[in-house]
>>> print(open('target-v3.cif').read())   # mmCIF, C-alpha atoms
data_model
#
loop_
_atom_site.label_atom_id
_atom_site.label_comp_id
_atom_site.auth_asym_id
_atom_site.auth_seq_id
_atom_site.Cartn_x
_atom_site.Cartn_y
_atom_site.Cartn_z
CA TYR P 258 -25.18 -96.55 -1.01
CA GLU P 259 -24.30 -93.95 1.63
CA VAL P 260 -22.22 -91.08 0.27
CA THR P 261 -18.95 -90.39 2.14
CA ALA P 262 -16.90 -87.23 2.63
CA ASP P 263 -14.27 -88.66 0.28
CA ASP P 264 -16.93 -89.08 -2.42
CA ILE P 265 -18.00 -85.44 -2.08
CA ALA P 266 -14.37 -84.29 -2.13
CA ARG P 267 -13.88 -86.26 -5.35
CA GLY P 268 -17.10 -84.90 -6.84
CA TYR P 269 -18.61 -88.14 -8.03
CA VAL P 270 -19.22 -91.83 -7.26
CA SER P 271 -18.11 -94.35 -9.84
CA ASN P 272 -19.27 -97.95 -9.63
CA GLN P 273 -20.00 -101.09 -11.59
CA ALA P 274 -22.17 -104.07 -10.89
CA PHE P 275 -21.25 -107.62 -11.81
CA ALA P 276 -23.62 -110.40 -12.72
CA GLU P 277 -22.82 -114.08 -13.14
CA VAL P 278 -25.12 -116.93 -14.06
CA LYS P 279 -24.65 -120.62 -14.78
CA ARG P 280 -26.40 -121.85 -17.88
CA MET P 281 -28.69 -124.79 -17.09
CA SER P 282 -27.33 -127.25 -19.58
CA LEU P 283 -25.02 -130.12 -19.77
CA ASP P 284 -21.91 -127.97 -20.12
CA ASP P 285 -22.79 -125.78 -17.09
CA LEU P 286 -21.29 -122.76 -18.85
CA ILE P 287 -20.95 -119.68 -16.64
CA VAL P 288 -21.90 -116.38 -18.24
CA SER P 289 -20.95 -113.01 -16.66
CA ASP P 290 -21.09 -109.32 -17.44
CA LEU P 291 -20.04 -105.94 -16.03
CA SER P 292 -22.70 -103.28 -15.93
CA GLY P 293 -22.58 -100.48 -18.47
CA LEU P 294 -24.50 -97.42 -19.51
CA THR P 295 -26.08 -99.48 -22.28
CA ILE P 296 -26.34 -103.18 -22.94
CA HIS P 297 -23.51 -102.85 -25.44
CA ASN P 298 -20.74 -101.45 -23.18
CA ASP P 299 -19.14 -101.87 -19.78
CA SER P 300 -18.72 -98.20 -18.88
CA PRO P 301 -18.90 -97.48 -15.13
CA THR P 302 -21.95 -95.71 -13.77
CA ILE P 303 -20.89 -92.26 -12.55
CA ALA P 304 -23.12 -90.23 -10.24
CA MET P 305 -22.04 -86.57 -10.00
CA LEU P 306 -22.29 -84.99 -6.56
CA GLN P 307 -23.06 -81.39 -5.64
CA GLN P 308 -20.02 -79.67 -4.06
CA ALA P 309 -19.40 -76.42 -2.20
CA PRO P 310 -15.71 -75.64 -2.84
CA ALA P 311 -14.08 -72.83 -0.85
CA VAL P 312 -10.61 -71.66 0.08
CA SER P 313 -9.48 -69.21 2.76
CA ILE P 314 -6.18 -67.64 3.76
CA LYS P 315 -5.03 -66.18 7.07
CA LYS P 316 -2.00 -63.87 7.18
CA SER P 317 -0.05 -62.76 10.24
CA GLY P 318 3.21 -60.86 10.62
CA THR P 319 5.89 -60.23 13.23
CA TRP P 320 8.61 -57.58 13.16
CA VAL P 321 12.09 -59.06 13.73
CA ASP P 322 14.45 -56.84 15.75
CA ASP P 323 17.73 -58.09 14.28
CA ASN P 324 20.04 -55.79 16.27
CA GLN P 325 17.98 -56.01 19.47
CA ASN P 326 17.88 -52.23 19.97
CA GLY P 327 14.13 -52.15 20.54
CA TYR P 328 13.46 -50.03 17.45
CA ALA P 329 12.90 -50.87 13.81
CA ASP P 330 15.68 -50.05 11.35
CA VAL P 331 15.74 -49.94 7.58
CA GLY P 332 16.85 -53.38 6.38
CA GLU P 333 15.26 -55.30 9.24
CA SER P 334 12.41 -57.63 8.36
CA ILE P 335 8.87 -58.72 9.01
CA ARG P 336 8.22 -62.46 9.12
CA TYR P 337 4.89 -63.24 7.49
CA GLU P 338 3.02 -66.50 8.04
CA PHE P 339 0.31 -67.75 5.70
CA GLU P 340 -2.30 -70.43 6.50
CA ILE P 341 -4.08 -71.69 3.37
CA LEU P 342 -7.19 -73.68 4.33
CA ASN P 343 -9.55 -75.79 2.26
CA SER P 344 -12.73 -74.54 3.93
CA GLY P 345 -15.10 -76.31 1.51
CA ASP P 346 -15.90 -79.93 0.73
CA ALA P 347 -14.09 -80.43 -2.60
CA LEU P 348 -10.50 -81.19 -3.55
CA LEU P 349 -8.48 -78.09 -4.45
CA ARG P 350 -5.47 -77.85 -6.76
CA ASP P 351 -3.59 -75.30 -8.89
CA ILE P 352 -3.04 -73.17 -5.77
CA VAL P 353 -1.45 -69.75 -6.35
CA LEU P 354 -0.46 -67.09 -3.78
CA GLU P 355 -0.39 -63.36 -4.57
CA ASP P 356 1.12 -60.74 -2.25
CA SER P 357 2.48 -57.33 -3.22
CA LYS P 358 4.63 -57.09 -0.05
CA ILE P 359 6.68 -60.13 -0.98
CA SER P 360 9.47 -59.86 -3.54
CA ASN P 361 8.97 -61.65 -6.85
CA THR P 362 11.85 -63.99 -6.10
CA ILE P 363 10.37 -65.15 -2.80
CA LEU P 364 6.85 -65.30 -4.28
CA ILE P 365 8.07 -67.59 -7.05
CA GLU P 366 9.68 -69.85 -4.42
CA LEU P 367 6.41 -70.02 -2.44
CA ASN P 368 4.36 -70.85 -5.51
CA ASN P 369 6.89 -73.52 -6.46
CA GLN P 370 6.15 -75.11 -3.08
CA LEU P 371 2.42 -74.99 -3.87
CA ARG P 372 2.74 -76.36 -7.41
CA GLY P 373 1.23 -79.82 -7.77
CA GLN P 374 -0.22 -79.95 -4.26
CA ILE P 375 -3.76 -81.22 -3.73
CA LEU P 376 -5.51 -79.75 -0.71
CA PHE P 377 -8.16 -81.97 0.86
CA PRO P 378 -11.20 -80.57 2.69
CA GLY P 379 -10.34 -79.36 6.18
CA LYS P 380 -6.59 -79.49 5.54
CA GLN P 381 -4.23 -76.53 5.38
CA ILE P 382 -0.82 -75.55 4.01
CA ASN P 383 1.52 -73.27 5.99
CA LEU P 384 4.04 -70.95 4.35
CA THR P 385 6.43 -68.28 5.65
CA ALA P 386 8.14 -65.34 3.95
CA SER P 387 10.18 -62.27 4.92
CA TYR P 388 9.66 -58.66 3.92
CA ILE P 389 12.49 -56.11 4.22
CA LEU P 390 11.58 -52.78 5.84
CA ASP P 391 12.26 -49.51 4.01
CA GLN P 392 12.11 -45.88 5.14
CA ASN P 393 8.48 -45.51 4.10
CA ASP P 394 7.53 -48.31 6.49
CA LEU P 395 9.32 -46.54 9.34
CA ASN P 396 7.66 -43.23 8.43
CA ASN P 397 4.23 -44.93 8.53
CA GLU P 398 5.12 -46.80 11.75
CA LYS P 399 3.35 -49.85 10.39
CA ALA P 400 3.27 -52.29 7.50
CA MET P 401 -0.21 -53.02 6.16
CA ASN P 402 -1.38 -55.18 3.29
CA SER P 403 -3.34 -58.27 2.25
CA ALA P 404 -2.55 -61.43 0.34
CA LYS P 405 -4.76 -63.33 -2.08
CA ILE P 406 -5.11 -67.05 -2.72
CA LEU P 407 -6.47 -68.75 -5.83
CA ALA P 408 -7.34 -72.43 -6.19
CA SER P 409 -9.41 -74.58 -8.52
CA SER P 410 -11.64 -77.60 -8.01
CA PRO P 411 -12.01 -80.25 -10.73
CA PHE P 412 -15.62 -79.46 -11.64
CA ASP P 413 -16.41 -75.98 -10.27
CA GLY P 414 -13.74 -73.59 -11.57
CA ILE P 415 -11.50 -71.16 -9.70
CA PHE P 416 -12.08 -69.90 -6.16
CA THR P 417 -10.32 -67.00 -4.41
CA ASP P 418 -10.02 -65.39 -1.01
CA VAL P 419 -8.39 -62.23 0.36
CA SER P 420 -6.38 -62.78 3.51
CA GLY P 421 -7.58 -61.69 6.92
CA THR P 422 -6.48 -61.88 10.52
CA THR P 423 -8.72 -64.97 10.78
CA HIS P 424 -9.97 -67.44 8.18
CA THR P 425 -13.41 -65.82 8.23
CA SER P 426 -12.34 -62.18 7.81
CA ASN P 427 -10.73 -60.07 5.09
CA GLU P 428 -9.08 -57.46 7.32
CA ALA P 429 -5.68 -56.25 6.17
CA THR P 430 -2.73 -57.54 8.19
CA ILE P 431 -1.16 -54.67 10.16
CA VAL P 432 2.26 -55.04 11.79
CA PRO P 433 3.19 -52.16 14.16
CA ILE P 434 6.73 -50.84 13.62
CA PRO P 435 8.30 -49.16 16.69
CA VAL P 436 10.55 -46.28 15.71
CA HIS P 437 13.15 -44.31 17.61
CA LYS P 438 12.01 -40.68 18.05
CA GLU P 439 14.52 -38.16 19.37
CA LEU P 440 14.78 -34.46 18.67
CA GLN P 441 17.92 -32.35 19.29
CA LEU P 442 17.85 -28.53 19.59
CA LEU P 443 21.10 -26.61 19.39
CA LYS P 444 21.26 -22.87 20.17
CA VAL P 445 24.31 -20.67 19.47
CA GLY P 446 24.52 -16.93 20.08
CA SER P 447 27.03 -14.35 18.84
CA LEU P 448 27.41 -10.62 19.47
CA THR P 449 26.60 -8.29 16.61
CA ASP P 450 29.27 -5.60 17.00
CA GLU P 451 27.55 -2.77 15.17
CA SER P 452 30.19 -0.18 16.23
CA GLY P 453 33.06 -2.44 15.30
CA ASN P 454 35.00 -1.66 18.46
CA GLY P 455 35.12 -5.26 19.59
CA ILE P 456 33.22 -4.48 22.77
CA GLY P 457 29.61 -5.18 23.58
CA GLU P 458 27.64 -2.03 24.17
CA VAL P 459 24.12 -1.22 25.30
CA GLY P 460 21.84 -1.26 22.29
CA GLU P 461 23.89 -3.74 20.30
CA SER P 462 22.35 -7.16 19.68
CA ILE P 463 22.99 -10.86 19.91
CA LEU P 464 22.22 -13.08 16.90
CA TYR P 465 20.88 -16.50 17.88
CA ARG P 466 21.02 -19.52 15.55
CA PHE P 467 18.89 -22.62 16.17
CA THR P 468 19.61 -26.07 14.69
CA ILE P 469 16.97 -28.81 14.98
CA ASN P 470 18.11 -32.38 14.31
CA ASN P 471 15.96 -35.46 13.95
CA LEU P 472 18.07 -38.13 15.59
#
>>> encode(input="target-v3.cif", output="structure tokens")
Amino acid sequence: YEVTADDIARGYVSNQAFAEVKRMSLDDLIVSDLSGLTIHNDSPTIAMLQQAPAVSIKKSGTWVDDNQNGYADVGESIRYEFEILNSGDALLRDIVLEDSKISNTILIELNNQLRGQILFPGKQINLTASYILDQNDLNNEKAMNSAKILASSPFDGIFTDVSGTTHTSNEATIVPIPVHKELQLLKVGSLTDESGNGIGEVGESILYRFTINNL
């Protein structure tokens, strides 16, 4: 029997033989039997197959300019896209996504989508989520982090992968955040009337005040 990709994905081949014989007698009685592991049972013969389970995740992100002003603002968002790939040869299930950038509420929704799914070799699941920018993100002028995926195969335990910019890397996903940089300098001068006569005189001074605003 030639093993197929579906057999490897399943992890085993289960089969039974069947024998039938006609008794050489006047009644021509037909006797049959299903194969078993012993002569006293009909249990299928199961051949376990060696598997190489693996899972990978790719994460990308795009800043969304909600007000179209060309600069990031607190409260705007980054749209993250996740590609979860079965990169091995075994069925995967019990898939769980972890990501510290995503709120618990959204993360629960994503994992609800993954619950109960079976991922076949070579197939992938796509998910999207939004992250809301805060002042720290604008100060850093970028948002950087990684996600993690966990999945199990029926016979080989749990497998994990840290996200990358490709399915074969583990580089953190970096989304540049363009910020508006503008500095304002105000200068005001006033006479210091040391003599108190209300008139500027040689030797008296001017007091300058500077105000610097980050716009």
>>> resolve_selection(input="target-v3.cif", expression="the PyMOL selection byres ((chain P and resi 350-361) around 7)", output="VMD selection string")
chain P and resid 348 to 349 362 to 365 368 371 to 376 388 403 to 410
>>> resolve_selection(input="target-v3.cif", expression="the PyMOL selection byres ((chain P and resi 462) around 12)", output="PyMOL selection string")
chain P and resi 446-452+456-461+463-465
>>> closest_residue(input="target-v3.cif", among="P:Glu366, P:Asp290, P:Glu340, P:Asp391", to="Ser313 in chain P", atoms="all atoms listed in the file")
P:Glu340
>>> residues_around(input="target-v3.cif", residues="Asp322 in chain P", least_positions_apart="6", cutoff="9 Å", atoms="all atoms listed in the file", output="ChimeraX atom specification")
/P:328-330,333-335
>>> write_last_selection(input="target-v3.cif", atoms="C-alpha atoms", output="PDB file, in the coordinates of the input")
ATOM      1  CA  TYR P 328      13.460 -50.030  17.450  1.00  0.00           C
ATOM      2  CA  ALA P 329      12.900 -50.870  13.810  1.00  0.00           C
ATOM      3  CA  ASP P 330      15.680 -50.050  11.350  1.00  0.00           C
ATOM      4  CA  GLU P 333      15.260 -55.300   9.240  1.00  0.00           C
ATOM      5  CA  SER P 334      12.410 -57.630   8.360  1.00  0.00           C
ATOM      6  CA  ILE P 335       8.870 -58.720   9.010  1.00  0.00           C
TER       7      ILE P 335
END
>>> resolve_selection(input="target-v3.cif", expression="the PyMOL selection byres ((chain P and resi 288) around 7)", output="PyMOL selection string")
chain P and resi 277-279+286-287+289
>>> residues_near_point(input="target-v3.cif", point="(4.8, -45.9, 13.2)", cutoff="8 Å", atoms="all atoms listed in the file", output="PyMOL selection string")
chain P and resi 394-399+433-436
>>> atom_distance(input="target-v3.cif", atom1="CA of Tyr269 in chain P", atom2="CA of Ala304 in chain P")
5.4 Å
>>> residues_around(input="target-v3.cif", residues="Thr422 in chain P", least_positions_apart="6", cutoff="9 Å", atoms="only C-alpha atoms", output="PDB file with C-alpha atoms, in the frame of the given file")
ATOM      1  CA  ILE P 314      -6.180 -67.640   3.760  1.00  0.00           C
ATOM      2  CA  LYS P 315      -5.030 -66.180   7.070  1.00  0.00           C
ATOM      3  CA  LYS P 316      -2.000 -63.870   7.180  1.00  0.00           C
ATOM      4  CA  SER P 317      -0.050 -62.760  10.240  1.00  0.00           C
ATOM      5  CA  GLU P 428      -9.080 -57.460   7.320  1.00  0.00           C
ATOM      6  CA  ALA P 429      -5.680 -56.250   6.170  1.00  0.00           C
ATOM      7  CA  THR P 430      -2.730 -57.540   8.190  1.00  0.00           C
ATOM      8  CA  ILE P 431      -1.160 -54.670  10.160  1.00  0.00           C
TER       9      ILE P 431
END
>>> atom_distance(input="target-v3.cif", atom1="CA of Lys438 in chain P", atom2="CA of Leu472 in chain P")
7.0 Å
>>> atom_distance(input="target-v3.cif", atom1="CA of Ala262 in chain P", atom2="CA of Ser420 in chain P")
26.6 Å
>>> closest_residue(input="target-v3.cif", among="P:Thr468, P:Gln308, P:Thr417, P:Thr295", to="Ile265 in chain P", atoms="all atoms listed in the file")
P:Gln308
>>> closest_residue(input="target-v3.cif", among="P:Ala400, P:Ile341, P:Met281, P:Ala274", to="Val312 in chain P", atoms="only C-alpha atoms")
P:Ile341
>>> closest_residue(input="target-v3.cif", among="P:Thr425, P:Asn402, P:Asn471, P:Asn272", to="Ile303 in chain P", atoms="all atoms listed in the file")
P:Asn272
